[in-house]
file final-v8.pdb (PDB, C-alpha atoms, pLDDT in the B column)
ATOM      1  CA  MET A  27    -109.604 -37.227  28.539  1.00 68.00           C
ATOM      2  CA  THR A  28    -113.355 -37.501  28.499  1.00 72.00           C
ATOM      3  CA  ARG A  29    -115.369 -39.817  30.694  1.00 75.00           C
ATOM      4  CA  PHE A  30    -118.238 -39.792  28.213  1.00 79.00           C
ATOM      5  CA  LEU A  31    -118.500 -42.516  25.623  1.00 78.00           C
ATOM      6  CA  ARG A  32    -119.971 -42.119  22.169  1.00 80.00           C
ATOM      7  CA  VAL A  33    -121.940 -45.293  21.603  1.00 81.00           C
ATOM      8  CA  GLY A  34    -122.725 -44.939  17.913  1.00 85.00           C
ATOM      9  CA  PHE A  35    -120.953 -48.239  17.343  1.00 87.00           C
ATOM     10  CA  ILE A  36    -123.834 -49.975  19.145  1.00 89.00           C
ATOM     11  CA  GLN A  37    -126.145 -48.792  16.382  1.00 89.00           C
ATOM     12  CA  GLU A  38    -123.645 -50.104  13.834  1.00 92.00           C
ATOM     13  CA  ARG A  39    -123.561 -53.463  15.624  1.00 92.00           C
ATOM     14  CA  LEU A  40    -127.345 -53.675  15.642  1.00 93.00           C
ATOM     15  CA  VAL A  41    -127.371 -53.004  11.890  1.00 94.00           C
ATOM     16  CA  GLU A  42    -124.806 -55.807  11.405  1.00 94.00           C
ATOM     17  CA  ILE A  43    -126.934 -58.179  13.494  1.00 95.00           C
ATOM     18  CA  ALA A  44    -130.053 -57.298  11.501  1.00 95.00           C
ATOM     19  CA  GLU A  45    -128.222 -57.766   8.184  1.00 95.00           C
ATOM     20  CA  ALA A  46    -126.897 -61.177   9.236  1.00 94.00           C
ATOM     21  CA  ALA A  47    -130.391 -62.218  10.339  1.00 94.00           C
ATOM     22  CA  GLU A  48    -131.894 -61.024   7.047  1.00 95.00           C
ATOM     23  CA  TYR A  49    -129.205 -62.913   5.133  1.00 91.00           C
ATOM     24  CA  ALA A  50    -129.903 -66.129   7.044  1.00 92.00           C
ATOM     25  CA  GLN A  51    -133.646 -65.668   6.453  1.00 93.00           C
ATOM     26  CA  ALA A  52    -133.067 -65.084   2.737  1.00 91.00           C
ATOM     27  CA  LEU A  53    -130.925 -68.223   2.548  1.00 90.00           C
ATOM     28  CA  LEU A  54    -133.675 -70.277   4.118  1.00 89.00           C
ATOM     29  CA  GLU A  55    -136.152 -69.010   1.536  1.00 91.00           C
ATOM     30  CA  LEU A  56    -134.014 -69.862  -1.536  1.00 90.00           C
ATOM     31  CA  ASP A  57    -135.257 -72.531  -3.893  1.00 92.00           C
ATOM     32  CA  GLU A  58    -132.901 -75.271  -5.119  1.00 90.00           C
ATOM     33  CA  PRO A  59    -131.687 -73.504  -8.318  1.00 93.00           C
ATOM     34  CA  ALA A  60    -130.974 -70.343  -6.322  1.00 90.00           C
ATOM     35  CA  ARG A  61    -129.062 -72.392  -3.750  1.00 87.00           C
ATOM     36  CA  ARG A  62    -126.868 -73.853  -6.502  1.00 87.00           C
ATOM     37  CA  ARG A  63    -126.190 -70.368  -7.934  1.00 89.00           C
ATOM     38  CA  LEU A  64    -125.213 -69.166  -4.464  1.00 85.00           C
ATOM     39  CA  GLN A  65    -122.803 -72.059  -4.020  1.00 84.00           C
ATOM     40  CA  GLU A  66    -121.286 -71.283  -7.437  1.00 87.00           C
ATOM     41  CA  ARG A  67    -120.797 -67.611  -6.475  1.00 86.00           C
ATOM     42  CA  LEU A  68    -119.223 -68.632  -3.171  1.00 82.00           C
ATOM     43  CA  ALA A  69    -116.927 -71.078  -4.974  1.00 85.00           C
ATOM     44  CA  LYS A  70    -115.757 -68.303  -7.324  1.00 88.00           C
ATOM     45  CA  ARG A  71    -114.764 -66.301  -4.225  1.00 85.00           C
ATOM     46  CA  GLY A  72    -112.844 -69.302  -2.925  1.00 82.00           C
ATOM     47  CA  VAL A  73    -115.438 -70.248  -0.316  1.00 76.00           C
ATOM     48  CA  ARG A  74    -116.281 -73.941  -0.425  1.00 74.00           C
ATOM     49  CA  ALA A  75    -119.251 -73.794   1.935  1.00 71.00           C
ATOM     50  CA  GLU A  76    -122.297 -75.925   1.678  1.00 77.00           C
ATOM     51  CA  PHE A  77    -125.625 -74.149   1.819  1.00 77.00           C
ATOM     52  CA  GLU A  78    -126.283 -75.251   5.402  1.00 83.00           C
ATOM     53  CA  GLU A  79    -122.804 -74.139   6.453  1.00 84.00           C
ATOM     54  CA  GLU A  80    -123.472 -70.668   5.066  1.00 83.00           C
ATOM     55  CA  ILE A  81    -126.603 -70.452   7.243  1.00 88.00           C
ATOM     56  CA  ARG A  82    -124.625 -71.668  10.272  1.00 90.00           C
ATOM     57  CA  ARG A  83    -121.951 -69.036   9.586  1.00 89.00           C
ATOM     58  CA  SER A  84    -124.569 -66.292   9.506  1.00 92.00           C
ATOM     59  CA  LEU A  85    -126.210 -67.541  12.705  1.00 94.00           C
ATOM     60  CA  ARG A  86    -122.817 -67.734  14.464  1.00 95.00           C
ATOM     61  CA  GLN A  87    -122.172 -64.128  13.433  1.00 95.00           C
ATOM     62  CA  ILE A  88    -125.546 -63.060  14.859  1.00 96.00           C
ATOM     63  CA  GLY A  89    -124.766 -64.815  18.131  1.00 96.00           C
ATOM     64  CA  ARG A  90    -121.226 -63.421  18.375  1.00 96.00           C
ATOM     65  CA  LEU A  91    -122.238 -59.831  17.635  1.00 95.00           C
ATOM     66  CA  SER A  92    -125.165 -60.029  20.065  1.00 95.00           C
ATOM     67  CA  ARG A  93    -123.043 -61.499  22.881  1.00 95.00           C
ATOM     68  CA  ASP A  94    -120.212 -59.010  22.330  1.00 94.00           C
ATOM     69  CA  THR A  95    -122.606 -56.065  22.430  1.00 92.00           C
ATOM     70  CA  ALA A  96    -124.438 -57.391  25.491  1.00 93.00           C
ATOM     71  CA  ARG A  97    -121.111 -58.060  27.264  1.00 94.00           C
ATOM     72  CA  PHE A  98    -119.914 -54.530  26.532  1.00 90.00           C
ATOM     73  CA  LEU A  99    -123.102 -53.033  27.973  1.00 89.00           C
ATOM     74  CA  ALA A 100    -122.981 -55.326  31.018  1.00 91.00           C
ATOM     75  CA  ASP A 101    -119.358 -54.351  31.730  1.00 91.00           C
ATOM     76  CA  LEU A 102    -120.098 -50.627  31.916  1.00 88.00           C
ATOM     77  CA  PRO A 103    -119.967 -49.286  35.471  1.00 88.00           C
ATOM     78  CA  CYS A 104    -123.399 -47.691  34.999  1.00 86.00           C
ATOM     79  CA  GLN A 105    -126.238 -47.775  32.529  1.00 84.00           C
ATOM     80  CA  PRO A 106    -125.727 -45.581  29.474  1.00 83.00           C
ATOM     81  CA  LEU A 107    -127.855 -42.482  29.087  1.00 82.00           C
ATOM     82  CA  LEU A 108    -129.343 -41.242  25.859  1.00 83.00           C
ATOM     83  CA  TYR A 109    -129.710 -37.527  25.329  1.00 84.00           C
ATOM     84  CA  THR A 110    -132.424 -36.548  22.868  1.00 87.00           C
ATOM     85  CA  GLY A 111    -132.148 -32.766  23.034  1.00 88.00           C
ATOM     86  CA  PRO A 112    -131.307 -30.422  20.164  1.00 90.00           C
ATOM     87  CA  GLU A 113    -127.569 -30.026  20.876  1.00 89.00           C
ATOM     88  CA  ASP A 114    -124.999 -32.097  19.054  1.00 89.00           C
ATOM     89  CA  THR A 115    -122.772 -34.633  20.787  1.00 87.00           C
ATOM     90  CA  GLU A 116    -119.750 -32.336  21.122  1.00 88.00           C
ATOM     91  CA  VAL A 117    -121.757 -29.594  22.863  1.00 89.00           C
ATOM     92  CA  VAL A 118    -123.385 -32.032  25.267  1.00 89.00           C
ATOM     93  CA  ILE A 119    -120.057 -33.673  26.155  1.00 88.00           C
ATOM     94  CA  ARG A 120    -118.397 -30.297  26.777  1.00 88.00           C
ATOM     95  CA  ARG A 121    -121.265 -29.253  29.066  1.00 88.00           C
ATOM     96  CA  LEU A 122    -121.224 -32.529  30.966  1.00 87.00           C
ATOM     97  CA  GLU A 123    -117.444 -32.410  31.400  1.00 87.00           C
ATOM     98  CA  GLN A 124    -117.735 -28.873  32.727  1.00 87.00           C
ATOM     99  CA  LEU A 125    -120.403 -29.919  35.213  1.00 87.00           C
ATOM    100  CA  VAL A 126    -118.465 -32.953  36.394  1.00 83.00           C
ATOM    101  CA  GLY A 127    -115.238 -30.957  36.678  1.00 81.00           C
ATOM    102  CA  ASP A 128    -116.771 -27.970  38.519  1.00 65.00           C
ATOM    103  CA  GLN A 129    -118.908 -29.714  41.082  1.00 57.00           C
ATOM    104  CA  PRO A 130    -117.929 -32.286  43.661  1.00 56.00           C
ATOM    105  CA  LEU A 131    -119.603 -35.607  43.211  1.00 53.00           C
ATOM    106  CA  GLY A 132    -121.630 -36.481  46.262  1.00 56.00           C
ATOM    107  CA  GLU A 133    -124.911 -38.022  47.139  1.00 56.00           C
ATOM    108  CA  PRO A 134    -127.611 -37.178  44.631  1.00 56.00           C
ATOM    109  CA  SER A 135    -130.063 -34.625  45.927  1.00 54.00           C
ATOM    110  CA  PRO A 136    -133.664 -35.715  46.305  1.00 55.00           C
ATOM    111  CA  PRO A 137    -135.948 -34.779  43.413  1.00 54.00           C
ATOM    112  CA  ARG A 138    -137.734 -31.476  43.789  1.00 49.00           C
ATOM    113  CA  ARG A 139    -141.432 -31.512  44.479  1.00 53.00           C
ATOM    114  CA  GLY A 140    -143.495 -31.352  41.338  1.00 48.00           C
ATOM    115  CA  ARG A 141    -140.707 -32.773  39.172  1.00 42.00           C
ATOM    116  CA  GLN A 142    -140.240 -36.341  38.077  1.00 44.00           C
ATOM    117  CA  SER A 143    -136.918 -38.041  38.526  1.00 39.00           C
ATOM    118  CA  ALA A 144    -135.024 -39.274  35.480  1.00 44.00           C
ATOM    119  CA  CYS A 145    -136.144 -42.812  36.259  1.00 43.00           C
ATOM    120  CA  GLY A 146    -139.839 -42.190  36.680  1.00 41.00           C
TER     121      GLY A 146
END
call {"tool": "encode", "arguments": {"input": "final-v8.pdb", "output": "structure tokens"}}
result
Amino acid sequence: MTRFLRVGFIQERLVEIAEAAEYAQALLELDEPARRRLQERLAKRGVRAEFEEEIRRSLRQIGRLSRDTARFLADLPCQPLLYTGPEDTEVVIRRLEQLVGDQPLGEPSPPRRGRQSACG
């Protein structure tokens, strides 16, 4: 079992948050005839929401998705790392698992002179 987590779902969550925000913004910009058409479309789908309730629903979704994503990140035992090299995810995970499995985990060695640490 791997100890490395693919976090592509975070990108998916951010897209969902952005879409919900764009939807709420679009709702706020509708004129009165467009609002009535929206309510008619919602009614045909069985949703009896008032215009303001539809905005509230979208804002609640933004809040829920944001909190869930933030909670997930806060609950991780360490900060996630992003690798931006040329290898694909599978290759990087295999290499990392090999390194973790072959070497004892101890105190990190001090950075070599002339090299920057990963944090600086």
call {"tool": "resolve_selection", "arguments": {"input": "final-v8.pdb", "expression": "the PyMOL selection byres ((chain A and resi 73-90) around 7)", "output": "number ranges by chain"}}
result
A: 43, 46-47, 50, 53, 61, 65, 68-69, 71-72, 91-94
call {"tool": "write_last_selection", "arguments": {"input": "final-v8.pdb", "atoms": "C-alpha atoms", "output": "tab-separated table (two decimals), keeping the file's coordinate frame"}}
result
chain	number	residue	atom	x	y	z
A	43	ILE	CA	-126.93	-58.18	13.49
A	46	ALA	CA	-126.90	-61.18	9.24
A	47	ALA	CA	-130.39	-62.22	10.34
A	50	ALA	CA	-129.90	-66.13	7.04
A	53	LEU	CA	-130.93	-68.22	2.55
A	61	ARG	CA	-129.06	-72.39	-3.75
A	65	GLN	CA	-122.80	-72.06	-4.02
A	68	LEU	CA	-119.22	-68.63	-3.17
A	69	ALA	CA	-116.93	-71.08	-4.97
A	71	ARG	CA	-114.76	-66.30	-4.22
A	72	GLY	CA	-112.84	-69.30	-2.92
A	91	LEU	CA	-122.24	-59.83	17.64
A	92	SER	CA	-125.16	-60.03	20.07
A	93	ARG	CA	-123.04	-61.50	22.88
A	94	ASP	CA	-120.21	-59.01	22.33
call {"tool": "atom_distance", "arguments": {"input": "final-v8.pdb", "atom1": "atom CA of A:Ile36", "atom2": "atom CA of A:Ala96"}}
result
9.8 Å
call {"tool": "atom_distance", "arguments": {"input": "final-v8.pdb", "atom1": "atom CA of A:Ile119", "atom2": "atom CA of A:Phe30"}}
result
6.7 Å
call {"tool": "residues_around", "arguments": {"input": "final-v8.pdb", "residues": "A:Thr28", "least_positions_apart": "6", "cutoff": "12 Å", "atoms": "all atoms listed in the file", "output": "NGL selection string"}}
result
:A and (116 or 118-124 or 126-127)
call {"tool": "atom_distance", "arguments": {"input": "final-v8.pdb", "atom1": "atom CA of A:Leu31", "atom2": "atom CA of A:Pro106"}}
result
8.7 Å
call {"tool": "decode", "arguments": {"input": "final-v8.pdb", "residues": "chain A", "atoms": "C-alpha atoms", "output": "CSV table (one decimal), in the first residue's frame"}}
result
chain,number,residue,atom,x,y,z
A,27,MET,CA,0.0,0.0,0.0
A,28,THR,CA,1.4,3.4,-0.9
A,29,ARG,CA,1.9,6.2,1.5
A,30,PHE,CA,1.6,8.8,-1.3
A,31,LEU,CA,-1.7,10.4,-2.1
A,32,ARG,CA,-2.8,11.6,-5.5
A,33,VAL,CA,-4.5,14.9,-4.9
A,34,GLY,CA,-6.1,15.4,-8.3
A,35,PHE,CA,-9.5,15.6,-6.6
A,36,ILE,CA,-8.4,18.9,-5.0
A,37,GLN,CA,-8.2,20.4,-8.5
A,38,GLU,CA,-11.7,18.9,-9.2
A,39,ARG,CA,-13.0,20.5,-6.0
A,40,LEU,CA,-11.5,23.9,-6.9
A,41,VAL,CA,-13.3,23.7,-10.3
A,42,GLU,CA,-16.6,22.9,-8.6
A,43,ILE,CA,-16.1,25.8,-6.2
A,44,ALA,CA,-15.4,28.1,-9.2
A,45,GLU,CA,-18.4,26.9,-11.1
A,46,ALA,CA,-20.7,27.4,-8.1
A,47,ALA,CA,-19.3,30.9,-7.7
A,48,GLU,CA,-19.8,31.7,-11.4
A,49,TYR,CA,-23.3,30.4,-11.2
A,50,ALA,CA,-24.2,32.5,-8.2
A,51,GLN,CA,-22.6,35.6,-9.9
A,52,ALA,CA,-24.6,34.8,-13.1
A,53,LEU,CA,-27.8,34.6,-11.0
A,54,LEU,CA,-27.2,38.0,-9.5
A,55,GLU,CA,-26.8,39.5,-12.9
A,56,LEU,CA,-30.0,38.2,-14.4
A,57,ASP,CA,-32.8,40.6,-15.2
A,58,GLU,CA,-36.4,40.0,-14.2
A,59,PRO,CA,-37.5,38.1,-17.3
A,60,ALA,CA,-34.5,35.9,-17.1
A,61,ARG,CA,-35.2,35.2,-13.5
A,62,ARG,CA,-38.7,34.1,-14.3
A,63,ARG,CA,-37.4,31.8,-17.1
A,64,LEU,CA,-35.0,30.3,-14.6
A,65,GLN,CA,-37.7,29.6,-12.1
A,66,GLU,CA,-39.8,28.0,-14.9
A,67,ARG,CA,-36.9,25.7,-15.8
A,68,LEU,CA,-36.3,24.8,-12.2
A,69,ALA,CA,-40.1,24.1,-11.8
A,70,LYS,CA,-40.0,21.7,-14.8
A,71,ARG,CA,-37.2,19.8,-13.0
A,72,GLY,CA,-39.3,19.6,-9.9
A,73,VAL,CA,-37.4,22.3,-8.0
A,74,ARG,CA,-39.7,24.9,-6.4
A,75,ALA,CA,-36.9,27.3,-5.4
A,76,GLU,CA,-37.3,31.0,-5.4
A,77,PHE,CA,-34.6,33.0,-7.1
A,78,GLU,CA,-33.0,34.0,-3.8
A,79,GLU,CA,-33.0,30.4,-2.6
A,80,GLU,CA,-31.2,29.3,-5.7
A,81,ILE,CA,-28.4,31.9,-4.9
A,82,ARG,CA,-28.3,30.7,-1.2
A,83,ARG,CA,-28.0,27.1,-2.4
A,84,SER,CA,-25.1,28.0,-4.6
A,85,LEU,CA,-23.4,29.9,-1.8
A,86,ARG,CA,-23.9,27.1,0.6
A,87,GLN,CA,-22.3,24.7,-1.9
A,88,ILE,CA,-19.3,27.1,-2.2
A,89,GLY,CA,-18.9,27.2,1.6
A,90,ARG,CA,-19.3,23.4,2.0
A,91,LEU,CA,-16.8,22.5,-0.7
A,92,SER,CA,-14.3,25.1,0.5
A,93,ARG,CA,-14.5,23.9,4.2
A,94,ASP,CA,-14.3,20.3,3.2
A,95,THR,CA,-11.2,20.8,1.1
A,96,ALA,CA,-9.6,23.0,3.8
A,97,ARG,CA,-10.4,20.4,6.5
A,98,PHE,CA,-8.9,17.6,4.4
A,99,LEU,CA,-5.7,19.6,3.9
A,100,ALA,CA,-5.5,20.6,7.6
A,101,ASP,CA,-5.9,17.0,8.7
A,102,LEU,CA,-2.9,15.7,6.7
A,103,PRO,CA,0.0,14.9,8.9
A,104,CYS,CA,2.3,17.0,6.8
A,105,GLN,CA,2.0,19.6,4.0
A,106,PRO,CA,1.5,18.1,0.6
A,107,LEU,CA,4.3,18.4,-1.9
A,108,LEU,CA,3.9,19.1,-5.6
A,109,TYR,CA,6.3,17.6,-8.1
A,110,THR,CA,6.7,19.5,-11.3
A,111,GLY,CA,9.3,17.4,-13.0
A,112,PRO,CA,8.9,15.5,-16.3
A,113,GLU,CA,8.0,12.1,-14.9
A,114,ASP,CA,4.5,10.9,-14.6
A,115,THR,CA,2.8,10.2,-11.3
A,116,GLU,CA,3.3,6.5,-11.4
A,117,VAL,CA,7.1,6.8,-11.9
A,118,VAL,CA,7.5,9.4,-9.2
A,119,ILE,CA,5.4,7.3,-6.7
A,120,ARG,CA,7.5,4.2,-7.5
A,121,ARG,CA,10.7,6.1,-6.9
A,122,LEU,CA,9.5,7.6,-3.7
A,123,GLU,CA,8.3,4.3,-2.4
A,124,GLN,CA,11.7,2.7,-3.2
A,125,LEU,CA,13.5,5.5,-1.4
A,126,VAL,CA,11.3,5.3,1.7
A,127,GLY,CA,11.5,1.5,1.8
A,128,ASP,CA,15.3,1.3,1.3
A,129,GLN,CA,16.5,4.0,3.7
A,130,PRO,CA,15.8,4.4,7.4
A,131,LEU,CA,13.9,7.5,8.3
A,132,GLY,CA,15.9,9.6,10.6
A,133,GLU,CA,16.7,13.2,11.2
A,134,PRO,CA,17.0,15.2,8.0
A,135,SER,CA,20.6,16.0,7.0
A,136,PRO,CA,21.5,19.6,6.9
A,137,PRO,CA,21.4,21.2,3.4
A,138,ARG,CA,24.7,21.1,1.6
A,139,ARG,CA,26.6,24.3,1.1
A,140,GLY,CA,25.8,26.1,-2.1
A,141,ARG,CA,22.3,24.4,-2.4
A,142,GLN,CA,19.0,25.8,-1.3
A,143,SER,CA,16.7,23.8,0.9
A,144,ALA,CA,13.3,22.8,-0.4
A,145,CYS,CA,11.8,25.6,1.7
A,146,GLY,CA,14.0,28.4,0.7
